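model-v4.csv, holding CSV, C-alpha atoms:
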```
chain,number,residue,atom,x,y,z
A,151,MET,CA,-0.9,19.9,6.9
A,152,PRO,CA,0.8,17.2,9.0
A,153,GLY,CA,1.3,18.4,12.5
A,154,PHE,CA,4.8,17.0,12.7
A,155,PRO,CA,8.0,17.1,10.6
A,156,VAL,CA,8.0,14.8,7.5
A,157,VAL,CA,10.5,12.8,5.6
A,158,ASP,CA,10.6,13.7,1.9
A,159,THR,CA,11.7,10.6,0.0
A,160,HIS,CA,11.9,12.2,-3.5
A,161,VAL,CA,13.8,15.4,-3.9
A,162,HIS,CA,15.8,16.4,-7.0
A,163,LEU,CA,18.6,19.0,-6.8
A,164,THR,CA,20.7,20.2,-9.7
A,165,ASN,CA,24.0,22.0,-10.2
A,166,GLN,CA,24.5,23.0,-13.8
A,167,GLN,CA,27.9,24.5,-13.1
A,168,ARG,CA,29.2,21.0,-12.2
A,169,ILE,CA,26.9,18.4,-13.8
A,170,SER,CA,25.4,18.1,-17.2
A,171,TYR,CA,21.7,17.3,-17.7
A,172,SER,CA,21.1,17.1,-21.5
A,173,TRP,CA,17.4,16.4,-21.0
A,174,MET,CA,16.9,19.8,-19.5
A,175,SER,CA,17.6,21.6,-22.8
A,176,GLU,CA,14.3,20.0,-24.0
A,177,SER,CA,12.4,21.2,-20.9
A,178,PRO,CA,12.8,24.9,-20.7
A,179,THR,CA,10.3,25.3,-17.9
A,180,LEU,CA,12.5,23.2,-15.6
A,181,ASN,CA,15.9,24.1,-17.0
A,182,GLY,CA,18.1,25.5,-14.2
A,183,SER,CA,19.9,24.8,-11.0
A,184,TYR,CA,17.9,23.9,-8.0
A,185,GLY,CA,19.5,24.0,-4.5
A,186,LEU,CA,18.5,23.5,-0.9
A,187,ASP,CA,17.6,27.2,-0.5
A,188,ASP,CA,15.2,26.9,-3.4
A,189,PHE,CA,13.7,23.8,-1.8
A,190,ASP,CA,13.2,25.6,1.5
A,191,ALA,CA,11.5,28.5,-0.2
A,192,ALA,CA,9.2,26.1,-2.1
A,193,ARG,CA,8.2,23.9,0.8
A,194,GLY,CA,6.6,26.9,2.6
A,195,PRO,CA,5.0,25.8,5.9
A,196,VAL,CA,5.8,22.1,5.5
A,197,ASP,CA,8.3,21.1,8.1
A,198,VAL,CA,10.8,18.6,6.5
A,199,GLU,CA,13.1,16.8,8.9
A,200,ALA,CA,14.9,14.5,6.4
A,201,ILE,CA,15.4,14.4,2.6
A,202,VAL,CA,16.2,11.6,0.3
A,203,PHE,CA,17.9,12.9,-2.9
A,204,VAL,CA,16.9,11.0,-6.0
A,205,GLU,CA,19.1,11.1,-9.1
A,206,VAL,CA,18.0,13.6,-11.7
A,207,GLY,CA,18.8,11.9,-15.0
A,208,CYS,CA,22.2,13.6,-15.4
A,209,ASP,CA,24.4,12.6,-18.3
A,210,VAL,CA,25.5,9.1,-17.5
A,211,GLY,CA,29.2,10.1,-17.4
A,212,ASP,CA,28.5,12.6,-14.6
A,213,ARG,CA,26.7,10.1,-12.3
A,214,GLN,CA,29.6,9.8,-9.9
A,215,SER,CA,30.0,13.6,-9.8
A,216,GLU,CA,26.4,13.9,-8.8
A,217,VAL,CA,26.9,11.5,-5.9
A,218,GLU,CA,30.0,13.4,-4.8
A,219,TRP,CA,28.2,16.7,-5.0
A,220,ILE,CA,25.3,15.6,-2.8
A,221,THR,CA,27.7,14.0,-0.4
A,222,GLU,CA,29.5,17.3,0.0
A,223,LEU,CA,26.2,19.1,0.5
A,224,ALA,CA,25.3,16.7,3.3
A,225,GLU,CA,28.4,17.6,5.3
A,226,THR,CA,26.6,20.9,6.2
A,227,GLU,CA,23.0,19.9,5.7
A,228,PRO,CA,21.8,17.3,8.3
A,229,ARG,CA,18.5,16.8,6.6
A,230,LEU,CA,20.2,15.2,3.6
A,231,GLN,CA,20.2,11.7,4.9
A,232,GLY,CA,19.9,9.5,1.7
A,233,ILE,CA,21.0,9.3,-1.9
A,234,VAL,CA,19.4,7.2,-4.6
A,235,ALA,CA,22.1,7.1,-7.2
A,236,GLN,CA,22.1,6.6,-10.9
A,237,LEU,CA,23.6,3.4,-12.3
A,238,PRO,CA,23.3,1.7,-15.7
A,239,LEU,CA,22.3,-1.7,-14.4
A,240,GLU,CA,21.8,-3.0,-17.9
A,241,GLN,CA,25.6,-3.5,-18.0
A,242,GLY,CA,25.1,-6.5,-15.7
A,243,ALA,CA,28.0,-7.9,-13.7
A,244,ALA,CA,30.3,-5.2,-15.1
A,245,VAL,CA,28.7,-2.7,-12.7
A,246,GLY,CA,29.7,-4.8,-9.7
A,247,PRO,CA,32.7,-2.7,-8.7
A,248,GLU,CA,30.6,0.5,-8.9
A,249,VAL,CA,27.8,-1.0,-6.8
A,250,GLU,CA,30.4,-1.9,-4.2
A,251,SER,CA,31.9,1.6,-4.3
A,252,LEU,CA,28.5,3.3,-4.0
A,253,ALA,CA,27.6,1.0,-1.1
A,254,GLY,CA,30.7,2.2,0.7
A,255,ASN,CA,29.2,5.7,0.9
A,256,PRO,CA,26.9,5.6,3.9
A,257,LEU,CA,24.6,8.1,2.3
A,258,VAL,CA,23.8,6.0,-0.7
A,259,LYS,CA,20.8,3.9,0.2
A,260,GLY,CA,19.5,2.9,-3.2
A,261,ILE,CA,19.9,2.9,-7.0
A,262,ARG,CA,17.7,4.2,-9.8
A,263,ARG,CA,17.9,3.4,-13.5
A,264,LEU,CA,15.1,5.4,-15.2
A,265,LEU,CA,12.9,3.0,-17.1
A,266,GLN,CA,10.0,5.2,-18.0
A,267,GLY,CA,11.5,6.1,-21.4
A,268,GLU,CA,12.7,2.6,-22.3
A,269,ASP,CA,11.1,-0.2,-24.4
A,270,LEU,CA,8.6,-2.4,-22.6
A,271,ASP,CA,11.0,-5.3,-22.7
A,272,PHE,CA,14.0,-3.4,-21.3
A,273,CYS,CA,13.5,-4.4,-17.7
A,274,LEU,CA,13.4,-8.1,-18.6
A,275,GLN,CA,16.7,-8.3,-20.5
A,276,PRO,CA,19.0,-10.8,-18.7
A,277,SER,CA,21.8,-8.2,-18.2
A,278,PHE,CA,19.5,-5.8,-16.5
A,279,LEU,CA,18.2,-8.5,-14.2
A,280,GLU,CA,21.8,-9.5,-13.4
A,281,GLY,CA,22.6,-5.9,-12.4
A,282,LEU,CA,19.5,-5.7,-10.2
A,283,ARG,CA,20.4,-8.8,-8.4
A,284,LEU,CA,23.7,-7.3,-7.3
A,285,LEU,CA,21.9,-4.7,-5.1
A,286,PRO,CA,20.6,-6.7,-2.1
A,287,GLY,CA,24.1,-8.1,-1.4
A,288,HIS,CA,25.2,-4.6,-0.8
A,289,GLY,CA,22.1,-3.4,1.1
A,290,LEU,CA,20.9,-1.2,-1.7
A,291,THR,CA,17.3,-0.7,-2.8
A,292,PHE,CA,15.9,0.0,-6.2
A,293,ASP,CA,13.7,3.0,-7.1
A,294,LEU,CA,11.3,1.8,-9.9
A,295,CYS,CA,10.3,4.7,-12.2
A,296,ILE,CA,8.0,3.5,-14.9
A,297,ALA,CA,5.0,4.7,-16.9
A,298,HIS,CA,1.8,2.7,-16.6
A,299,PRO,CA,2.1,0.8,-19.9
A,300,GLN,CA,5.2,-0.8,-18.5
A,301,LEU,CA,3.5,-2.4,-15.5
A,302,ALA,CA,2.8,-5.8,-17.1
A,303,ASN,CA,6.6,-6.5,-17.6
A,304,THR,CA,7.4,-4.8,-14.3
A,305,LEU,CA,5.4,-7.5,-12.6
A,306,LYS,CA,7.6,-10.2,-14.2
A,307,MET,CA,10.7,-8.3,-13.3
A,308,VAL,CA,9.8,-8.0,-9.6
A,309,GLU,CA,8.8,-11.7,-9.5
A,310,ALA,CA,12.3,-12.5,-11.0
A,311,CYS,CA,14.1,-10.6,-8.3
A,312,PRO,CA,12.6,-11.6,-5.0
A,313,GLU,CA,15.6,-10.5,-2.9
A,314,VAL,CA,15.6,-6.9,-4.3
A,315,GLN,CA,13.7,-4.3,-2.2
A,316,PHE,CA,11.8,-2.1,-4.7
A,317,VAL,CA,9.9,1.1,-4.3
A,318,LEU,CA,7.5,2.2,-7.0
A,319,ASP,CA,8.0,5.9,-7.8
A,320,HIS,CA,5.0,8.1,-8.6
A,321,ILE,CA,2.5,5.2,-8.1
A,322,GLY,CA,3.5,3.9,-11.6
A,323,LYS,CA,2.5,7.0,-13.4
A,324,PRO,CA,-1.1,6.2,-14.2
A,325,GLY,CA,-3.1,8.1,-16.9
A,326,ILE,CA,-4.7,10.5,-14.5
A,327,GLN,CA,-5.3,13.2,-17.1
A,328,GLY,CA,-7.4,10.8,-19.2
A,329,ARG,CA,-9.0,9.3,-16.0
A,330,LEU,CA,-7.7,5.9,-16.9
A,331,LEU,CA,-8.0,3.4,-14.1
A,332,GLU,CA,-7.6,0.0,-15.9
A,333,PRO,CA,-5.5,-2.0,-16.3
A,334,TRP,CA,-3.5,0.1,-13.9
A,335,LYS,CA,-5.7,-0.8,-10.9
A,336,THR,CA,-5.6,-4.5,-11.6
A,337,GLN,CA,-1.8,-4.5,-12.2
A,338,ILE,CA,-1.1,-2.4,-9.1
A,339,ARG,CA,-3.1,-4.9,-7.0
A,340,ALA,CA,-1.0,-7.7,-8.4
A,341,LEU,CA,2.2,-5.8,-7.8
A,342,ALA,CA,1.3,-5.1,-4.2
A,343,GLU,CA,1.0,-8.8,-3.6
A,344,PHE,CA,4.8,-9.1,-3.8
A,345,PRO,CA,6.2,-8.5,-0.3
A,346,ASN,CA,9.4,-6.8,-1.5
A,347,ILE,CA,7.8,-3.7,-3.0
A,348,SER,CA,6.6,-0.4,-1.5
A,349,CYS,CA,5.1,2.7,-3.1
A,350,LYS,CA,5.8,6.4,-3.1
A,351,MET,CA,2.9,8.8,-3.0
A,352,SER,CA,4.6,11.2,-5.4
A,353,GLY,CA,4.3,12.5,-8.9
A,354,LEU,CA,0.5,12.4,-9.2
A,355,THR,CA,-0.1,16.0,-10.1
A,356,THR,CA,2.2,15.9,-13.1
A,357,GLU,CA,0.2,12.9,-14.5
A,358,ALA,CA,-3.0,14.9,-14.2
A,359,ASP,CA,-4.1,18.0,-16.2
A,360,LEU,CA,-1.2,20.3,-15.3
A,361,GLN,CA,-3.2,23.5,-15.1
A,362,ASN,CA,-6.6,22.3,-14.1
A,363,TRP,CA,-6.3,19.2,-11.9
A,364,THR,CA,-8.4,19.0,-8.7
A,365,ARG,CA,-7.9,16.9,-5.6
A,366,ASP,CA,-10.9,14.8,-6.6
A,367,ASP,CA,-9.1,13.9,-9.8
A,368,LEU,CA,-6.3,12.3,-7.7
A,369,ARG,CA,-8.5,10.7,-5.0
A,370,PRO,CA,-9.3,7.4,-6.8
A,371,TYR,CA,-5.6,6.8,-7.4
A,372,ILE,CA,-4.5,7.6,-3.8
A,373,ASP,CA,-7.3,5.4,-2.4
A,374,HIS,CA,-6.4,2.5,-4.5
A,375,ILE,CA,-2.7,2.6,-3.5
A,376,ILE,CA,-3.6,2.7,0.2
A,377,ASP,CA,-6.1,-0.1,-0.4
A,378,CYS,CA,-3.5,-2.3,-2.1
A,379,PHE,CA,-0.3,-1.5,-0.2
A,380,GLY,CA,-1.8,-0.5,3.2
A,381,PHE,CA,-0.1,2.1,5.4
A,382,ASP,CA,2.8,-0.3,6.0
A,383,ARG,CA,4.3,0.2,2.5
A,384,VAL,CA,3.6,3.7,1.4
A,385,MET,CA,5.7,6.8,1.8
A,386,PHE,CA,5.5,10.5,1.0
A,387,GLY,CA,7.5,12.1,-1.7
A,388,SER,CA,7.2,15.6,-3.2
A,389,ASP,CA,9.0,15.0,-6.5
A,390,TRP,CA,10.3,18.5,-6.1
A,391,PHE,CA,11.3,20.3,-8.4
A,392,VAL,CA,9.4,18.5,-11.1
A,393,VAL,CA,6.2,18.9,-9.2
A,394,THR,CA,6.3,22.7,-10.0
A,395,LEU,CA,5.0,21.9,-13.4
A,396,ALA,CA,1.6,21.3,-11.9
A,397,SER,CA,1.6,22.3,-8.2
A,398,THR,CA,3.2,24.1,-5.4
A,399,TYR,CA,4.8,21.9,-2.7
A,400,PRO,CA,2.2,22.9,0.0
A,401,ARG,CA,-0.7,22.2,-2.3
A,402,TRP,CA,0.5,18.6,-3.0
A,403,VAL,CA,0.9,18.0,0.7
A,404,GLU,CA,-2.5,19.5,1.5
A,405,THR,CA,-4.1,17.3,-1.2
A,406,LEU,CA,-2.5,14.1,0.2
A,407,ASP,CA,-3.4,15.1,3.7
A,408,TRP,CA,-7.0,15.7,2.7
A,409,ALA,CA,-7.1,12.3,1.0
A,410,VAL,CA,-6.0,10.4,4.1
A,411,ALA,CA,-7.9,12.5,6.6
A,412,GLY,CA,-9.8,9.5,7.9
A,413,CYS,CA,-6.7,7.5,8.9
A,414,SER,CA,-5.2,7.3,12.4
A,415,ASP,CA,-2.3,9.4,13.7
A,416,ALA,CA,-0.1,6.2,13.6
A,417,GLU,CA,-1.0,5.6,9.9
A,418,ARG,CA,-0.2,9.2,9.0
A,419,ARG,CA,3.2,8.9,10.7
A,420,GLN,CA,3.8,5.7,8.7
A,421,LEU,CA,3.1,7.6,5.5
A,422,TYR,CA,5.0,10.7,6.3
A,423,VAL,CA,7.9,9.4,8.4
A,424,ASP,CA,8.3,5.9,9.7
A,425,ASN,CA,8.2,3.9,6.4
A,426,ALA,CA,10.8,6.2,4.8
A,427,LEU,CA,13.1,5.8,7.8
A,428,SER,CA,12.9,2.1,7.7
A,429,PHE,CA,13.0,1.5,3.9
A,430,TYR,CA,16.0,3.8,3.3
A,431,ARG,CA,17.6,3.1,6.6
A,432,LEU,CA,17.9,6.8,7.4
A,433,GLY,CA,20.1,7.8,10.3
A,434,SER,CA,22.1,4.5,10.1
```
Take the structure in the file and write it out as structure tokens.
Amino acid sequence: MPGFPVVDTHVHLTNQQRISYSWMSESPTLNGSYGLDDFDAARGPVDVEAIVFVEVGCDVGDRQSEVEWITELAETEPRLQGIVAQLPLEQGAAVGPEVESLAGNPLVKGIRRLLQGEDLDFCLQPSFLEGLRLLPGHGLTFDLCIAHPQLANTLKMVEACPEVQFVLDHIGKPGIQGRLLEPWKTQIRALAEFPNISCKMSGLTTEADLQNWTRDDLRPYIDHIIDCFGFDRVMFGSDWFVVTLASTYPRWVETLDWAVAGCSDAERRQLYVDNALSFYRLGS
């Protein structure tokens, strides 16, 4: 375990009494409300000093309610220091007023529009790129949540938006269960060559065999991300509560800590704290 408090850059919270999540009806194992008390019970001995809430795929009409709810929680929870809000960027310039409004909330640090379930060409449509290009003018980042078959077009998207600061969620969701490394490895190396993208060490266990994964299954993927992005552009995320499909919170942290055991104390602090503070401008 890290010997210091960490920043968790990828935490999901839900409130089914106030917000609708239609996708949950198709995921009975996850269907429920998840609050900060549940998070604290799940993290066990891992000391978490700051949390970035990431939108949970709520029904699109409830996206503003989600931001309002988390903002209210943060009034009494100092660890809640960032929000990555949902926004339908494919609406292009039409979302400009909402981008401006979100940027006026000091907790909102970034935007996410889930891409993992969309067609391969979705991220290249002109209206989506137009929406993306609104973000840097308001100091907002973009969380990039894709599945590995979408990496080829993701490269084109990132190249087309050099001013946008991206972070790749869940290392691009590679096919860990099938032990697939290519073309993921080659495409990740190409993606890391763009200076405006970082990567979250999150979501690996749920891409592996949910019940039978081992830390050795994950090691080649962790090593490759570190090799490509270096310790300057990686950050820890738990992907709680989704991680519970495959792992406890402490087991994921122990696995990641084992994989980077040979790094320096400064590098571990970059991974677990410093890069998150910088990328999401936490505390500002």
Which is closest to A:Asp212 among A:Leu264, A:Leu180, A:Ser352, A:Ile169, if we use all atoms listed in the file?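 Answer, going by the shortest atom-to-atom distance: A:Ile169.
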Considering all atoms listed in the file, can you say which of A:Ser170, A:Thr164, A:Thr356, A:Ser251 comes closest to A:Gly182?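 Closest to A:Gly182, using all atoms listed in the file: A:Thr164.
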From the set A:Gly289, A:Gly325, A:Pro152, A:Pro247, which residue has the shortest atom-to-atom contact distance to A:Thr405, counting all atoms listed in the file? A:Pro152
Could you check the closest approach to A:Glu205 for each of A:Gln166, A:Thr179, A:Asn362, A:Gln236 and tell me which residue wins, using all atoms listed in the file?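 Under the stated criterion, the closest residue is A:Gln236.
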Report, in Å to a single decimal, how far apart atom CA of A:Trp402 and atom CA of A:Asp187 are.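 Pair atom CA of A:Asp187 / atom CA of A:Trp402 returns 19.3 Å.
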Nearest to A:Met385 among A:Met151, A:Ile296, A:Val234, A:Val156, with distances taken over all atoms listed in the file: which residue is it?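 Going through A:Met151, A:Ile296, A:Val234, A:Val156 one by one, the smallest distance to A:Met385 is for A:Val156.
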A:Phe316 environment, 10 Å, all atoms listed in the file, sequence neighbours closer than 5 positions dropped, as a PyMOL selection string: chain A and resi 260-261+290-294+308+311+344-349+429
For the selection just defined, write its residues with C-alpha atoms to a file, as an mmCIF file, in the coordinates of the input.
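So the final result, stored in part02.cif, reads:
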```
data_model
loop_
_atom_site.group_PDB
_atom_site.id
_atom_site.type_symbol
_atom_site.label_atom_id
_atom_site.label_comp_id
_atom_site.auth_asym_id
_atom_site.auth_seq_id
_atom_site.Cartn_x
_atom_site.Cartn_y
_atom_site.Cartn_z
ATOM 1 C CA GLY A 260 19.500 2.900 -3.200
ATOM 2 C CA ILE A 261 19.900 2.900 -7.000
ATOM 3 C CA LEU A 290 20.900 -1.200 -1.700
ATOM 4 C CA THR A 291 17.300 -0.700 -2.800
ATOM 5 C CA PHE A 292 15.900 0.000 -6.200
ATOM 6 C CA ASP A 293 13.700 3.000 -7.100
ATOM 7 C CA LEU A 294 11.300 1.800 -9.900
ATOM 8 C CA VAL A 308 9.800 -8.000 -9.600
ATOM 9 C CA CYS A 311 14.100 -10.600 -8.300
ATOM 10 C CA PHE A 344 4.800 -9.100 -3.800
ATOM 11 C CA PRO A 345 6.200 -8.500 -0.300
ATOM 12 C CA ASN A 346 9.400 -6.800 -1.500
ATOM 13 C CA ILE A 347 7.800 -3.700 -3.000
ATOM 14 C CA SER A 348 6.600 -0.400 -1.500
ATOM 15 C CA CYS A 349 5.100 2.700 -3.100
ATOM 16 C CA PHE A 429 13.000 1.500 3.900
#
```
Residue nearest A:Trp390 - candidates A:Tyr422, A:Thr355, A:Gln337, A:Gly211, atoms counted: only C-alpha atoms: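 Ranked by minimum distance to A:Trp390, first place goes to A:Thr355.
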Could you work out an axis-aligned box for stretch 378-395 of chain A, taking every atom the file lists and adding 6 Å on each side, and report centre and edge lengths in Å to one decimal, as lines of an AutoDock Vina configuration file?
```
center_x = 3.9
center_y = 10.2
center_z = -3.7
size_x = 26.8
size_y = 37.0
size_z = 31.4
```
Contact residues around A:Leu237 with all atoms listed in the file at 8 Å, ignoring same-chain residues under 4 positions, as a VMD selection string: chain A and resid 210 213 245 261 to 263
Within 12 Å of A:Glu268, counting only C-alpha atoms, which residues show up once you throw out same-chain ones fewer than 2 positions away? Write them as a compact mmCIF listing (two decimals) with C-alpha atoms, keeping the file's coordinate frame, please.
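Written output follows (result-v6.txt):
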```txt
# COMPACT_ATOMS: atom_id res chain seq x y z
CA GLU A 240 21.80 -3.00 -17.90
CA ARG A 263 17.90 3.40 -13.50
CA LEU A 264 15.10 5.40 -15.20
CA LEU A 265 12.90 3.00 -17.10
CA GLN A 266 10.00 5.20 -18.00
CA LEU A 270 8.60 -2.40 -22.60
CA ASP A 271 11.00 -5.30 -22.70
CA PHE A 272 14.00 -3.40 -21.30
CA CYS A 273 13.50 -4.40 -17.70
CA LEU A 274 13.40 -8.10 -18.60
CA GLN A 275 16.70 -8.30 -20.50
CA CYS A 295 10.30 4.70 -12.20
CA ILE A 296 8.00 3.50 -14.90
CA ALA A 297 5.00 4.70 -16.90
CA PRO A 299 2.10 0.80 -19.90
CA GLN A 300 5.20 -0.80 -18.50
CA ASN A 303 6.60 -6.50 -17.60
```
Figure out the distance between atom CA of A:His288 and atom CA of A:Asp269, please, to one decimal in Å.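 For atom CA of A:Asp269 relative to atom CA of A:His288, the distance reads 27.8 Å.
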Could you model all heavy atoms for stretch 173-183 of chain A and present them as an mmCIF file, in the frame of the given file?
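As written to disk, part28.cif reads:
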```
data_model
loop_
_atom_site.group_PDB
_atom_site.id
_atom_site.type_symbol
_atom_site.label_atom_id
_atom_site.label_comp_id
_atom_site.auth_asym_id
_atom_site.auth_seq_id
_atom_site.Cartn_x
_atom_site.Cartn_y
_atom_site.Cartn_z
ATOM 1 N N TRP A 173 18.800 16.396 -20.866
ATOM 2 C CA TRP A 173 17.400 16.400 -21.000
ATOM 3 C C TRP A 173 16.743 17.758 -20.706
ATOM 4 O O TRP A 173 15.677 18.096 -21.231
ATOM 5 C CB TRP A 173 16.712 15.328 -20.124
ATOM 6 C CG TRP A 173 16.804 15.579 -18.649
ATOM 7 C CD1 TRP A 173 17.781 15.153 -17.804
ATOM 8 C CD2 TRP A 173 15.871 16.312 -17.834
ATOM 9 N NE1 TRP A 173 17.537 15.570 -16.521
ATOM 10 C CE2 TRP A 173 16.365 16.280 -16.511
ATOM 11 C CE3 TRP A 173 14.675 16.988 -18.092
ATOM 12 C CZ2 TRP A 173 15.712 16.904 -15.441
ATOM 13 C CZ3 TRP A 173 14.013 17.613 -17.037
ATOM 14 C CH2 TRP A 173 14.533 17.560 -15.728
ATOM 15 N N MET A 174 17.425 18.551 -19.895
ATOM 16 C CA MET A 174 16.900 19.800 -19.500
ATOM 17 C C MET A 174 16.768 20.825 -20.657
ATOM 18 O O MET A 174 15.929 21.729 -20.632
ATOM 19 C CB MET A 174 17.670 20.446 -18.354
ATOM 20 C CG MET A 174 17.342 19.875 -16.997
ATOM 21 S SD MET A 174 18.049 20.875 -15.682
ATOM 22 C CE MET A 174 17.030 20.337 -14.299
ATOM 23 N N SER A 175 17.623 20.654 -21.664
ATOM 24 C CA SER A 175 17.600 21.600 -22.800
ATOM 25 C C SER A 175 16.236 21.408 -23.555
ATOM 26 O O SER A 175 15.819 22.317 -24.279
ATOM 27 C CB SER A 175 18.736 21.307 -23.754
ATOM 28 O OG SER A 175 18.660 19.998 -24.304
ATOM 29 N N GLU A 176 15.584 20.273 -23.379
ATOM 30 C CA GLU A 176 14.300 20.000 -24.000
ATOM 31 C C GLU A 176 13.133 20.343 -23.074
ATOM 32 O O GLU A 176 11.967 20.167 -23.442
ATOM 33 C CB GLU A 176 14.214 18.556 -24.448
ATOM 34 C CG GLU A 176 15.316 18.159 -25.433
ATOM 35 C CD GLU A 176 15.331 16.668 -25.709
ATOM 36 O OE1 GLU A 176 14.425 15.969 -25.222
ATOM 37 O OE2 GLU A 176 16.249 16.214 -26.403
ATOM 38 N N SER A 177 13.448 20.804 -21.866
ATOM 39 C CA SER A 177 12.400 21.200 -20.900
ATOM 40 C C SER A 177 12.708 22.546 -20.326
ATOM 41 O O SER A 177 13.132 22.700 -19.175
ATOM 42 C CB SER A 177 12.403 20.132 -19.739
ATOM 43 O OG SER A 177 12.152 18.832 -20.219
ATOM 44 N N PRO A 178 12.478 23.568 -21.144
ATOM 45 C CA PRO A 178 12.800 24.900 -20.700
ATOM 46 C C PRO A 178 12.183 25.383 -19.443
ATOM 47 O O PRO A 178 12.754 26.190 -18.700
ATOM 48 C CB PRO A 178 12.434 25.789 -21.928
ATOM 49 C CG PRO A 178 11.456 24.963 -22.710
ATOM 50 C CD PRO A 178 11.872 23.545 -22.495
ATOM 51 N N THR A 179 11.001 24.878 -19.139
ATOM 52 C CA THR A 179 10.300 25.300 -17.900
ATOM 53 C C THR A 179 11.076 24.846 -16.675
ATOM 54 O O THR A 179 11.067 25.536 -15.647
ATOM 55 C CB THR A 179 8.888 24.693 -17.879
ATOM 56 O OG1 THR A 179 8.202 25.075 -19.069
ATOM 57 C CG2 THR A 179 8.118 25.205 -16.677
ATOM 58 N N LEU A 180 11.769 23.733 -16.776
ATOM 59 C CA LEU A 180 12.500 23.200 -15.600
ATOM 60 C C LEU A 180 13.999 23.507 -15.688
ATOM 61 O O LEU A 180 14.706 23.312 -14.690
ATOM 62 C CB LEU A 180 12.320 21.679 -15.552
ATOM 63 C CG LEU A 180 10.910 21.174 -15.263
ATOM 64 C CD1 LEU A 180 10.878 19.651 -15.289
ATOM 65 C CD2 LEU A 180 10.396 21.690 -13.920
ATOM 66 N N ASN A 181 14.491 23.939 -16.820
ATOM 67 C CA ASN A 181 15.900 24.100 -17.000
ATOM 68 C C ASN A 181 16.534 25.091 -16.056
ATOM 69 O O ASN A 181 16.178 26.266 -16.053
ATOM 70 C CB ASN A 181 16.186 24.528 -18.474
ATOM 71 C CG ASN A 181 17.638 24.331 -18.886
ATOM 72 O OD1 ASN A 181 18.446 23.854 -18.111
ATOM 73 N ND2 ASN A 181 17.951 24.702 -20.111
ATOM 74 N N GLY A 182 17.431 24.614 -15.205
ATOM 75 C CA GLY A 182 18.100 25.500 -14.200
ATOM 76 C C GLY A 182 18.730 24.691 -13.125
ATOM 77 O O GLY A 182 18.718 23.463 -13.118
ATOM 78 N N SER A 183 19.339 25.413 -12.202
ATOM 79 C CA SER A 183 19.900 24.800 -11.000
ATOM 80 C C SER A 183 18.985 24.950 -9.842
ATOM 81 O O SER A 183 18.411 26.021 -9.634
ATOM 82 C CB SER A 183 21.289 25.430 -10.706
ATOM 83 O OG SER A 183 22.245 25.112 -11.694
#
```
